[in-house]
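Asker: Below are the structure tokens for one structure; questions will follow.
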Amino acid sequence: MEQSPPPAKSWSIHTRSEIISKYEIQGRVGSGAYSDVYKARRLSDNLTVALKEIHDYQSAYREIEALQVLQNCPNVVVLHEYFWREDEDAVLVLEFLRTDLDAVIKEGKKRGDGVGVGEVKRWMVQILCGVDACHRNMIVHRDLKPTNLLISDDGVLKLADFGQARILMEPGFVAPDENTQQYEQNPLFQEHTAPPAEVVPEMDSSSEGLRNKRQGIVSREESFREICEYNIQDSLDDIDKETSIQDGDTSCLATGTASDIGDDTLKSYCSYEVEDAENERRGALTSCVGTRWFRAPELLYGSTDYGLEVDLWSLGCIFAELLTLAPLFPGTSDIDQISRIISVLGNLTEEVWPGCLKLSDYGTISFAKVENPTGIEACLPNCSPDEISLVKKLVCYDPAARATAMELLHDEYFSKQPLPVPLSDLRVPLTNSGQDEDSPGGWHGYNDMESDSDFDDFGPMSVHTSSGGFSLQFS
Ligand SMILES: Nc1ncnc2c1ncn2[C@@H]1O[C@H](COP(=O)(O)OP(=O)(O)OP(=O)(O)O)[C@@H](O)[C@H]1O
């Protein structure tokens, strides 16, 4: 029997009556791999909001799920409501945040005087509070980077873009941590633990797709329960394969089998949803997440049973960038990414990371021995021993050895002079890191330097075939 074509998707927020009856859309402010983001005015009270139109089911599902759990965290972007209709893109109504940490770094560089130590500490404390909230709820963000750390006009930094987030346990689970109370009472952190007025959730979403075409206002709890109960299998069938990421931004290491060698061997790409869907069915995770420069070694080596620690590696890269105003590991391909890490930390061996031999791509790629790794110190010139020590606690091979966000919040670095400055002393850039309506998609420096192949611009290599697959040797 001939199959009827799938229903056409709207792709345009401007045609959605349920949205334009409540919001005046003022223009596009950004776009990402899966989304377009618009600035809008809520007609009922003139509040400026961001409308994030997400073109990918799974990404929307994850973002809504994670943001609902984290709704009361002052360092996570506020989700006011969302619109979910079958065969339409999801639209999230988020608090509008004009700038981000990438702009802070760029502006510090442009001014020439960098970012002051007290400012660096205040930004870091806010990031750590946001990440700690995620991790206490067993949410792994999986795409932490400066452009996903948005900043309000009054200097409050908020984690955003939860499209790749996963909840690793039951939602609502809060890790018992006796330190929590202590940290919430610590005057050092109090400035940003008081929820801003806007945090009051207003979850009047019309979530039609999730409620079988019934329309109406649903409570937070109800909508969350429904979104959790929605059959993931059905959802995966709905995924629009057209939107699979195939750019270098999320490209993964080629996991080799001998048959790959013939045609497209060295053209590494990853159909994110397909791999992810498969992994989800098996209860495993995909290694194809995050932006390469911030991606943890376990992901680069193809792990599918990683944990919250992948965010901690990203944090270390972000902190290093905040301190030096330059990316720590700006890899041009996944192989180049690993190569840069190895040149700093040395080769990946059982000695530095017991269990690394089990990583699925460990035997696939081998590197010549690096006799004299430079060490993190070399990447952090002009940084204090405390700053170097902080980065080292995060940027280390063994995920189990990385310090948690909570541990870092108690690091003496933050209680030493100069103390974190108050929010009002932070220099908040007037713009975001470059994107506007006229240059959609153009402000992610990270996306610009990607290549189709993981092996472009890379030195000599040799391919060895065996019955089990192939391995690549780089020199
Ligand atoms: N709440 C917000 N307020 C203002 N601008 C926002 C907001 N959320 C997102 N943006 C803008 O839209 C851009 C794209 O948003 P976002 O990163 O969330 O989308 P994405 O499709 O998940 O992106 P990526 O490709 O980085 O994963 C951001 O870089 C930012 O410029």
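So you can find residues: chains in the structure tokens are A, B, ... in the order shown, residues in each start at 1, and ligands are numbered from 1 in order.
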Residues within 6 Å of ligand 1 (only C-alpha atoms and all ligand atoms), as a ChimeraX atom specification?

Answerer: /A:29-35,37,50,94-98,147-148,161,163

Asker: From stretch 52-194 of chain A, collect each residue whose DSSP state is strand (DSSP E) and return the set as a CSV table (one decimal) with N, CA and C atoms, in the first residue's frame.

Answerer:
```
chain,number,residue,atom,x,y,z
A,52,LYS,N,11.9,30.3,21.8
A,52,LYS,CA,12.8,29.4,21.2
A,52,LYS,C,12.0,28.3,20.4
A,53,GLU,N,12.1,28.4,19.1
A,53,GLU,CA,11.4,27.5,18.2
A,53,GLU,C,12.3,26.3,17.9
A,54,ILE,N,12.0,25.2,18.4
A,54,ILE,CA,12.9,24.0,18.3
A,54,ILE,C,12.4,23.1,17.2
A,79,LEU,N,12.0,29.0,32.3
A,79,LEU,CA,11.0,28.6,31.3
A,79,LEU,C,9.6,29.1,31.7
A,80,HIS,N,9.1,30.1,31.0
A,80,HIS,CA,7.8,30.6,31.4
A,80,HIS,C,6.6,29.7,31.0
A,81,GLU,N,6.7,29.3,29.8
A,81,GLU,CA,5.7,28.3,29.3
A,81,GLU,C,6.2,27.7,28.0
A,82,TYR,N,5.5,26.7,27.5
A,82,TYR,CA,5.9,26.2,26.2
A,82,TYR,C,4.6,25.8,25.4
A,83,PHE,N,4.8,25.7,24.1
A,83,PHE,CA,3.7,25.4,23.2
A,83,PHE,C,4.2,24.1,22.5
A,84,TRP,N,3.3,23.1,22.5
A,84,TRP,CA,3.7,21.8,22.0
A,84,TRP,C,2.5,21.3,21.2
A,90,ALA,N,8.2,22.7,18.5
A,90,ALA,CA,7.9,23.1,19.9
A,90,ALA,C,8.4,24.6,20.1
A,91,VAL,N,7.7,25.4,20.8
A,91,VAL,CA,8.1,26.8,21.1
A,91,VAL,C,8.2,26.9,22.6
A,92,LEU,N,9.4,27.2,23.1
A,92,LEU,CA,9.6,27.5,24.5
A,92,LEU,C,9.6,29.0,24.7
A,93,VAL,N,8.9,29.4,25.7
A,93,VAL,CA,8.9,30.8,26.1
A,93,VAL,C,9.9,31.0,27.3
A,94,LEU,N,11.1,31.6,27.1
A,94,LEU,CA,12.1,31.7,28.1
A,94,LEU,C,12.3,33.1,28.5
A,95,GLU,N,12.9,33.3,29.7
A,95,GLU,CA,13.2,34.7,30.0
A,95,GLU,C,14.3,35.1,29.0
A,99,THR,N,23.0,38.8,26.9
A,99,THR,CA,24.4,38.5,26.5
A,99,THR,C,24.8,37.2,27.1
A,100,ASP,N,26.1,36.9,27.0
A,100,ASP,CA,26.6,35.5,27.4
A,100,ASP,C,28.1,35.6,27.8
A,139,ILE,N,21.0,15.7,36.5
A,139,ILE,CA,20.9,16.2,35.1
A,139,ILE,C,22.3,16.5,34.5
A,140,VAL,N,22.6,15.8,33.4
A,140,VAL,CA,23.9,16.1,32.8
A,140,VAL,C,23.6,17.0,31.6
A,149,LEU,N,26.1,30.0,28.3
A,149,LEU,CA,26.0,30.6,29.7
A,149,LEU,C,25.5,32.0,29.5
A,150,LEU,N,24.2,32.2,29.5
A,150,LEU,CA,23.6,33.5,29.2
A,150,LEU,C,23.6,34.4,30.5
A,151,ILE,N,23.6,35.7,30.2
A,151,ILE,CA,23.7,36.7,31.3
A,151,ILE,C,22.7,37.7,31.2
A,157,LEU,N,24.2,35.1,35.9
A,157,LEU,CA,24.6,34.1,34.8
A,157,LEU,C,23.6,32.9,34.9
A,158,LYS,N,23.2,32.4,33.8
A,158,LYS,CA,22.2,31.3,33.8
A,158,LYS,C,22.6,30.3,32.7
A,159,LEU,N,22.6,29.0,33.1
A,159,LEU,CA,22.8,27.9,32.2
A,159,LEU,C,21.6,27.9,31.3
A,166,ARG,N,20.3,15.2,29.7
A,166,ARG,CA,19.7,13.9,30.1
A,166,ARG,C,19.5,13.9,31.6
A,167,ILE,N,18.4,13.3,32.0
A,167,ILE,CA,18.2,13.1,33.4
A,167,ILE,C,18.7,11.6,33.6
```

Asker: I'd like the contact shell of stretch 421-427 of chain A - 8 Å cut-off, only C-alpha atoms, skipping same-chain residues fewer than 6 positions apart - returned as a PyMOL selection string.

Answerer: chain A and resi 104+118-119+121-122+154-156+191

Asker: Write a file of the just-selected residues containing N, CA and C atoms, as an mmCIF file, in the first residue's frame.

Answerer:
```
data_model
loop_
_atom_site.group_PDB
_atom_site.id
_atom_site.type_symbol
_atom_site.label_atom_id
_atom_site.label_comp_id
_atom_site.auth_asym_id
_atom_site.auth_seq_id
_atom_site.Cartn_x
_atom_site.Cartn_y
_atom_site.Cartn_z
ATOM 1 N N VAL A 104 31.556 38.213 27.359
ATOM 2 C CA VAL A 104 32.403 38.715 28.458
ATOM 3 C C VAL A 104 33.878 38.485 28.110
ATOM 4 N N GLY A 118 38.377 39.158 40.738
ATOM 5 C CA GLY A 118 37.119 39.123 41.499
ATOM 6 C C GLY A 118 35.926 38.860 40.586
ATOM 7 N N GLU A 119 36.014 39.362 39.358
ATOM 8 C CA GLU A 119 34.933 39.110 38.382
ATOM 9 C C GLU A 119 34.951 37.647 37.933
ATOM 10 N N LYS A 121 35.970 35.190 39.549
ATOM 11 C CA LYS A 121 35.439 34.352 40.635
ATOM 12 C C LYS A 121 33.918 34.416 40.695
ATOM 13 N N ARG A 122 33.360 35.603 40.508
ATOM 14 C CA ARG A 122 31.888 35.709 40.577
ATOM 15 C C ARG A 122 31.236 34.944 39.415
ATOM 16 N N ASP A 154 21.647 42.532 34.809
ATOM 17 C CA ASP A 154 22.223 42.801 36.132
ATOM 18 C C ASP A 154 23.257 41.754 36.559
ATOM 19 N N GLY A 155 23.791 41.023 35.600
ATOM 20 C CA GLY A 155 24.945 40.176 35.877
ATOM 21 C C GLY A 155 24.643 38.775 36.379
ATOM 22 N N VAL A 156 23.382 38.374 36.364
ATOM 23 C CA VAL A 156 23.078 36.998 36.801
ATOM 24 C C VAL A 156 23.334 36.052 35.624
ATOM 25 N N GLU A 191 24.242 36.094 47.361
ATOM 26 C CA GLU A 191 23.788 37.114 46.426
ATOM 27 C C GLU A 191 22.953 36.534 45.291
#
```

Asker: Select, from A:Leu300, A:Val131, A:Ala320, A:Ile388, the residue with the minimum atom-to-atom distance to A:Ile338, counting only C-alpha atoms.

Answerer: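 With only C-alpha atoms as the atom set, the closest residue is A:Leu300.
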
Asker: As an exercise, work out the distance from atom CA of A:Ser389 to atom CA of A:Ile335 in Å and give it to one decimal place.

Answerer: 26.9 Å

Asker: Name the closest residue to A:Ser415 among the candidates A:Glu107, A:Asn46, A:Val125, A:Cys73; distances are taken between atoms, counting only C-alpha atoms.

Answerer: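 Result for the nearest residue to A:Ser415: A:Val125.
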
Asker: So which one's closest to A:Arg111, A:Asp336, A:Arg402, A:Pro429, A:Tyr397? Using only C-alpha atoms, please.

Answerer: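 Comparing A:Asp336, A:Arg402, A:Pro429, A:Tyr397 against A:Arg111, the winner is A:Pro429.
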
Asker: Applying 9 Å and only C-alpha atoms, which residues near A:Arg142 remain after dropping the ones on its own chain fewer than 5 positions away? List them as JSON, numbers by chain.

Answerer: {"A": [162, 163, 164, 165, 166, 289, 290, 291, 295, 308, 310, 311, 314]}

Asker: Return as JSON lines the residues of stretch 14-128 of chain A lying at most 10 Å from stretch 326-332 of chain A, together with the closest atom-to-atom pair for each and the distance in Å to one decimal, counting only C-alpha atoms, with rows in chain order and ascending residue number.

Answerer:
```
{"residue": "A:Ile105", "atom": "CA", "partner": "A:Ala326", "partner_atom": "CA", "distance": 8.3}
{"residue": "A:Lys106", "atom": "CA", "partner": "A:Ala326", "partner_atom": "CA", "distance": 9.1}
{"residue": "A:Lys109", "atom": "CA", "partner": "A:Ala326", "partner_atom": "CA", "distance": 8.9}
```
